[in-house]
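S.K.: Got a structure for you, written out below as C-alpha cells; questions coming shortly.
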Number of protein chains: 2
Amino acid sequence: MAPPGNELTVGVDLGGTKIQVAVVDRDGGVVATHRTATDLEGGPSKAVADIVRCVHACAPDMSVIGAVGVGVAGQVDAATGIVRSAPNLGWRDFPLADRLEQVLGLPVVVENDVRAIAWGVWNHGAGRGIDDLVVLFVGTGVGGGIVSGGRLLTGDRGVAGEVGHATLVAGGRLCTCGRRGCIEAYTGGWAIAARAREAIEADPEAGRGMLDAAGKGEVTAVVVSQAAADGDRLASALMEETGDYLGSAAVGLVHALNPRRIVLGGGVIDGNPYLVDAVAYAVQSDVIPIFADRLDVRQSELGSQAGVIGSASLATRRMQDGSLA
Amino acid sequence: MAPPGNELTVGVDLGGTKIQVAVVDRDGGVVATHRTATDLEGGPSKAVADIVRCVHACAPDMSVIGAVGVGVAGQVDAATGIVRSAPNLGWRDFPLADRLEQVLGLPVVVENDVRAIAWGVWNHGAGRGIDDLVVLFVGTGVGGGIVSGGRLLTGDRGVAGEVGHATLVAGGRLCTCGRRGCIEAYTGGWAIAARAREAIEADPEAGRGMLDAAGKGEVTAVVVSQAAADGDRLASALMEETGDYLGSAAVGLVHALNPRRIVLGGGVIDGNPYLVDAVAYAVQSDVIPIFADRLDVRQSELGSQAGVIGSASLATRRMQDGSLA
C-alpha cells in the first residue's frame with residue numbers, strides 16, 4: 001500500500017494533555033493516526049514509551065517509515081533534539097531525539113510544536129508557496145513561525161518565531177514566561193480566561209451569563225467563546241477586545257517582517273474564526289500602505305492535525321536535506 | 001591612489017536636513033566625503049542635482065567608481081529604486097534610482113536609510129560576522145534591519161525591518177505613521193520630546209530645569225538628554241523610562257527573531273550611550289533563558305557615517321551579486 005523507499009514519515013504532537021501520532025505521506029496526507037493522553041506523572045521515560053507504542057500502532061510495518069518528527073510544546077534545541085524546557089510537561093534538558101532514535105532505530109528530529117506547525121502550514125497548508133509568511137497559532141499558549149525569503153527562520157539557537165512572547169503592552173499583564181506584556185498574556189486561552197474572570201469580578205451582574213455557562217466548572221476560554229456566540233454582552237466585548245489585541249500584534253509583526261501572508265490557527269482561532277477577519281481588518285487599516293500591498297490573512301486549513309502534519313513534514317525535509325543520517 | 005577596477009563605491013545618505021555623500025572602499029573605509037543641506041522646497045529634482053554635485057566633489061575621477069548606493073529616510077521599493085513615500089522630504093513615488101543613473105551613468109541602488117545602515121553595521125560595523133542580528137537605530141525616528149541565517153531580511157515588498165513601527169503598547173501613544181503604540185512613538189527623538197513636554201505640563205515645577213535648558217527654544221530630545229546628564233530629576237526619569245521602553249521593545253524582538261546580537265545606534269543612543277546598558281540589562285533579565293544563551297548588545301561603531309558606509313557597501317554587494325548592470 002505504501003510507496004516504496006521510505007516515502008512516509010511519522011509526525012508526533014507532544015503536548016501537556018495528549019500525544020498524537022500520525023503516519024503522513026509526502027503530500028501532507030494523513031495515512032494513519034493514533035493518540036493517547038499524556039501521562040504527566042510518568043515523566044519523559046513514560047512519554048517515550050507512549051510515543052513508541054503509538055508509532056507502532058500507526059505503522060505496523062516500520063520499514064516504510066523514513067524518519068520521525070516530534071513537535072513539543074516548549075523550548076527545543078533543534079540541532080541536538082534536546083528539549084530545553086517544557087513547562088506544560090514539567091521537563092528540563094531531556095534528550096528526546098536521542099532516546100527515541102535508540103528505541104525506534106530511525107532518525108528523529110525534534111522541534112518546538114508551533115514551529116513544526118508553521119513548517120506544515122508552509123508546505124501543506126494555507127501558507128503553501130508563500131515565501132514571506134507569518135504563522136500565528138493561538139491556543140492555550142501562543143506561538144508561531146516566520147518564513148522570510150523562502151526560509152523558516154531559526155535564529156541563533158533555533159528558537160526564532162516565539163512570537164507569543166513578542167511585546168504587545170510594555171509593562172502590561174504578567175505572562176507565564178515571567179515577563180509582562182507579551183502577546184500571549186492577552187490573547188492566549190489562559191489569558192482570555194483570566195481577563196474574563198477579572199471582568200466578572202469587576203461586574204458580577206454582567207458576568208452572570210458566563211458564570212451560568214461555566215456551571216460548576218471554571219470560566220475558561222471555551223466558556224467565553226461559547227457565551228460570546230450565544231450573545232452574552234460581556235463575553236462578546238472580551239472577544240472583540242481579543243480581536244483588537246491580535247490585530248495590534250499582527251500589525252507589529254507585519255512592520256517588522258513585511259510578510260505576504262499571515263496564517264492564523266489554534267484552538268482560540270478555530271473556536272472563534274471571526275478573529276481572522278478582525279486581524280485582516282486591523283492590518284488593512286493600520287499598516288503603513290506599502291506593507292498592505294499584497295498582504296492577506298488566512299485561517300489555517302489543517303485543523304487539529306496541523307501538529308502531526310507539520311512534524312512529519314519537517315522530518316521529510318530533514319531527510320531530503322541529508323541532515324539526517 | 002584608488003585601486004583599479006572600480007573598487008570604490010559612493011554612498012549617499014539622504015535625509016530631511018542634510019545630504020551626505022562619501023566615497024567608500026571595499027573595507028568600509030571612507031576615502032572622501034561631502035555634505036550639503038537638504039533643500040526641501042526644491043523637491044526631488046533639486047535633490048538629484050545636489051547629490052550629483054556632492055558626488056563630483058568627492059570623486060573628481062568617476063572612472064574609479066563602480067556603483068552608487070542611496071539610503072533614503074522613507075519607504076523604498078528597493079527592486080525598482082522608487083521612493084514610495086518619504087514624509088520628511090515630502091516625496092511620493094519618485095524614481096530616484098532611474099534619475100540618478102541617467103545623470104551619473106552608473107548603476108544606482110536605493111534603499112531605506114536604516115536598512116542601508118543595517119547592511120553597513122553587518123558588513124563593516126559592530127555586527128560584522130554575525131549571522132543573526134537585529135539593528136535598531138533610534139534617532140528622530142526609529143528604524144532597523146534584521147539579519148537572520150546570514151541574510152538581510154527584505155520581506156515581500158523589500159520593506160522588512162521597519163521595527164520602529166512594531167508594537168510596544170497596543171492602543172498607546174499616537175505615532176507619525178497614524179497608528180498607536182509603535183516603538184517609535186515612545187523612544188524616537190520626537191516622542192521623547194513630546195513625552196517631556198507632557199511631563200513638564202503636568203508638573204511645571206519639576207520641569208523648570210528642562211525649560212531653562214531649552215531657553216527660548218523648544219524642549220527637544222537633545223535638551224532632555226543634556227538635562228538628564230546635568231542631573232535634572234524629571235529629565236533623568238524620562239530617559240530611564242526611555243531605557244525601559246527600549247528594553248521591552250528589544251525583548252519582544254529577541255523572542256520573535258532569536259538574534260545573536262543587537263546593535264543600537266542613532267542620535268538618541270549616541271547622545272545617551274547608557275541606554276545600551278539598559279537594553280542589555282533588560283534582555284538578560286527578561287528573555288526566556290535559551291534566547292539569552294549567546295545574546296549580546298552593542299553600540300554601533302560607525303557613528304554619523306553609518307548611513308554613507310551602509311549605502312556604499314550595499315552598492316558594493318549589489319555589484320558583486322551581478323544584480324547591477
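Every chain in the C-alpha cells has a letter given in the order shown (A, B, ...), and although residue numbers restart at 1 in each chain, ligands are simply numbered from 1 in the order shown.
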Can you tell me, as a ChimeraX atom specification, what residues are no more than 12 Å from Gly145 of chain B when counting only C-alpha atoms, ignoring any on the same chain fewer than 5 positions away?

M.R.: /A:255-258 /B:111-122,127,132-137,151-155,158-164,253,257,259,262-265,310

S.K.: Between atom CA of Val76 of chain A and atom CA of His124 of chain A, what is the distance in Å, rounded to a tenth?

M.R.: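 Going from atom CA of Val76 of chain A over to atom CA of His124 of chain A, I get 22.8 Å.
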
S.K.: Pick out the residues sitting within 12 Å of Leu246 of chain A, and hand them over as a compact mmCIF listing (two decimals) with N, CA and C atoms, in the first residue's frame; count only C-alpha atoms, and ignore anything fewer than 2 positions along from it in its own chain.

M.R.:
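Output file result.txt is given in full below:
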```
# COMPACT_ATOMS: atom_id res chain seq x y z
N LEU A 136 0.75 32.33 13.10
CA LEU A 136 0.46 32.67 14.48
C LEU A 136 -0.59 31.70 14.99
N PHE A 137 -0.21 30.83 15.92
CA PHE A 137 -1.15 29.86 16.47
C PHE A 137 -1.53 30.27 17.88
N VAL A 138 -2.84 30.43 18.07
CA VAL A 138 -3.37 30.92 19.33
C VAL A 138 -4.18 29.79 19.97
N VAL A 142 0.48 30.90 22.91
CA VAL A 142 0.56 31.48 21.58
C VAL A 142 1.97 31.24 21.05
N VAL A 163 6.72 34.19 18.78
CA VAL A 163 6.02 35.46 18.67
C VAL A 163 4.98 35.66 19.77
N GLY A 164 4.59 34.59 20.43
CA GLY A 164 3.67 34.75 21.57
C GLY A 164 4.29 35.60 22.67
N ALA A 166 6.49 38.09 21.92
CA ALA A 166 6.81 39.44 21.44
C ALA A 166 5.97 40.41 22.27
N THR A 167 6.40 41.67 22.29
CA THR A 167 5.77 42.65 23.17
C THR A 167 4.47 43.16 22.55
N LEU A 168 3.42 43.18 23.38
CA LEU A 168 2.16 43.78 22.97
C LEU A 168 1.85 45.02 23.80
N VAL A 169 2.08 44.94 25.11
CA VAL A 169 1.84 46.09 26.01
C VAL A 169 3.01 46.13 27.00
N CYS A 182 3.44 40.31 27.13
CA CYS A 182 3.58 39.50 25.91
C CYS A 182 2.23 39.37 25.19
N ILE A 183 2.29 39.09 23.90
CA ILE A 183 1.08 38.82 23.11
C ILE A 183 0.26 37.71 23.78
N GLU A 184 0.94 36.66 24.24
CA GLU A 184 0.23 35.54 24.87
C GLU A 184 -0.52 35.96 26.13
N ALA A 185 0.02 36.94 26.86
CA ALA A 185 -0.60 37.36 28.13
C ALA A 185 -1.93 38.07 27.92
N TYR A 186 -2.28 38.36 26.65
CA TYR A 186 -3.56 38.98 26.33
C TYR A 186 -4.45 38.08 25.50
N THR A 187 -3.84 37.23 24.66
CA THR A 187 -4.65 36.54 23.66
C THR A 187 -4.63 35.02 23.78
N GLY A 188 -3.72 34.46 24.57
CA GLY A 188 -3.71 33.01 24.77
C GLY A 188 -4.98 32.58 25.52
N ILE A 192 -7.25 34.79 28.07
CA ILE A 192 -8.65 35.16 27.84
C ILE A 192 -9.47 34.77 29.06
N MET A 239 -14.20 39.11 23.66
CA MET A 239 -13.66 38.52 22.43
C MET A 239 -13.35 39.61 21.40
N GLU A 240 -14.16 40.68 21.41
CA GLU A 240 -13.86 41.79 20.49
C GLU A 240 -12.51 42.42 20.86
N GLU A 241 -12.31 42.58 22.16
CA GLU A 241 -11.04 43.12 22.65
C GLU A 241 -9.88 42.17 22.28
N THR A 242 -10.15 40.87 22.35
CA THR A 242 -9.12 39.89 21.95
C THR A 242 -8.76 40.08 20.48
N GLY A 243 -9.76 40.36 19.65
CA GLY A 243 -9.51 40.63 18.24
C GLY A 243 -8.66 41.88 18.05
N ASP A 244 -8.95 42.91 18.86
CA ASP A 244 -8.14 44.14 18.78
C ASP A 244 -6.69 43.85 19.17
N SER A 248 -3.46 44.24 16.74
CA SER A 248 -2.32 45.09 17.07
C SER A 248 -1.02 44.28 17.04
N ALA A 249 -1.09 43.05 17.53
CA ALA A 249 0.07 42.16 17.48
C ALA A 249 0.47 41.90 16.02
N ALA A 250 -0.53 41.64 15.19
CA ALA A 250 -0.24 41.33 13.78
C ALA A 250 0.36 42.53 13.07
N VAL A 251 -0.16 43.74 13.33
CA VAL A 251 0.38 44.94 12.68
C VAL A 251 1.86 45.10 13.03
N GLY A 252 2.20 44.88 14.29
CA GLY A 252 3.60 44.99 14.70
C GLY A 252 4.48 43.99 13.96
N LEU A 253 4.00 42.75 13.85
CA LEU A 253 4.78 41.72 13.15
C LEU A 253 4.91 42.05 11.67
N ILE A 262 -0.39 36.21 6.45
CA ILE A 262 -0.43 35.78 7.85
C ILE A 262 -1.41 34.62 7.91
N LEU A 264 -3.43 32.25 10.58
CA LEU A 264 -3.83 32.12 11.98
C LEU A 264 -4.44 30.74 12.21
N VAL A 268 -8.10 28.79 19.85
CA VAL A 268 -8.84 30.05 20.03
C VAL A 268 -9.36 30.55 18.68
N ILE A 269 -8.56 30.40 17.64
CA ILE A 269 -8.98 30.83 16.29
C ILE A 269 -10.05 29.88 15.75
N TYR A 274 -14.11 34.37 13.47
CA TYR A 274 -14.25 35.80 13.14
C TYR A 274 -13.01 36.60 13.55
N LEU A 275 -12.17 36.02 14.43
CA LEU A 275 -10.93 36.71 14.79
C LEU A 275 -10.01 36.89 13.58
N VAL A 276 -10.12 35.98 12.60
CA VAL A 276 -9.33 36.12 11.37
C VAL A 276 -9.72 37.41 10.64
N ASP A 277 -11.03 37.68 10.59
CA ASP A 277 -11.49 38.91 9.94
C ASP A 277 -11.04 40.14 10.73
N ALA A 278 -11.06 40.02 12.07
CA ALA A 278 -10.63 41.16 12.89
C ALA A 278 -9.17 41.50 12.61
N VAL A 279 -8.35 40.47 12.49
CA VAL A 279 -6.93 40.70 12.20
C VAL A 279 -6.76 41.25 10.78
N ALA A 280 -7.50 40.69 9.84
CA ALA A 280 -7.40 41.17 8.45
C ALA A 280 -7.79 42.64 8.38
N TYR A 281 -8.83 43.02 9.10
CA TYR A 281 -9.28 44.42 9.11
C TYR A 281 -8.20 45.31 9.72
N ALA A 282 -7.64 44.86 10.84
CA ALA A 282 -6.62 45.67 11.52
C ALA A 282 -5.41 45.90 10.62
N VAL A 283 -4.94 44.85 9.96
CA VAL A 283 -3.74 45.05 9.15
C VAL A 283 -4.05 45.91 7.92
N THR B 167 4.89 46.82 17.51
CA THR B 167 4.03 47.24 18.62
C THR B 167 4.80 47.23 19.93
N ALA B 170 0.00 48.34 22.74
CA ALA B 170 -1.21 48.30 21.92
C ALA B 170 -2.17 49.41 22.34
N GLY B 171 -2.62 50.19 21.37
CA GLY B 171 -3.57 51.27 21.66
C GLY B 171 -2.96 52.47 22.36
```

S.K.: For a test of reading the model, state the distance in Å between atom CA of Cys175 of chain A and atom CA of Arg197 of chain A, rounded to one decimal.

M.R.: 15.9 Å

S.K.: Enumerate as number ranges by chain all residues of segment 68-97 of chain A assigned to strand (DSSP E) by DSSP on the backbone, naming them with the chain letters and numbers the document uses.

M.R.: A: 68-72, 75-77, 82-86, 91-94
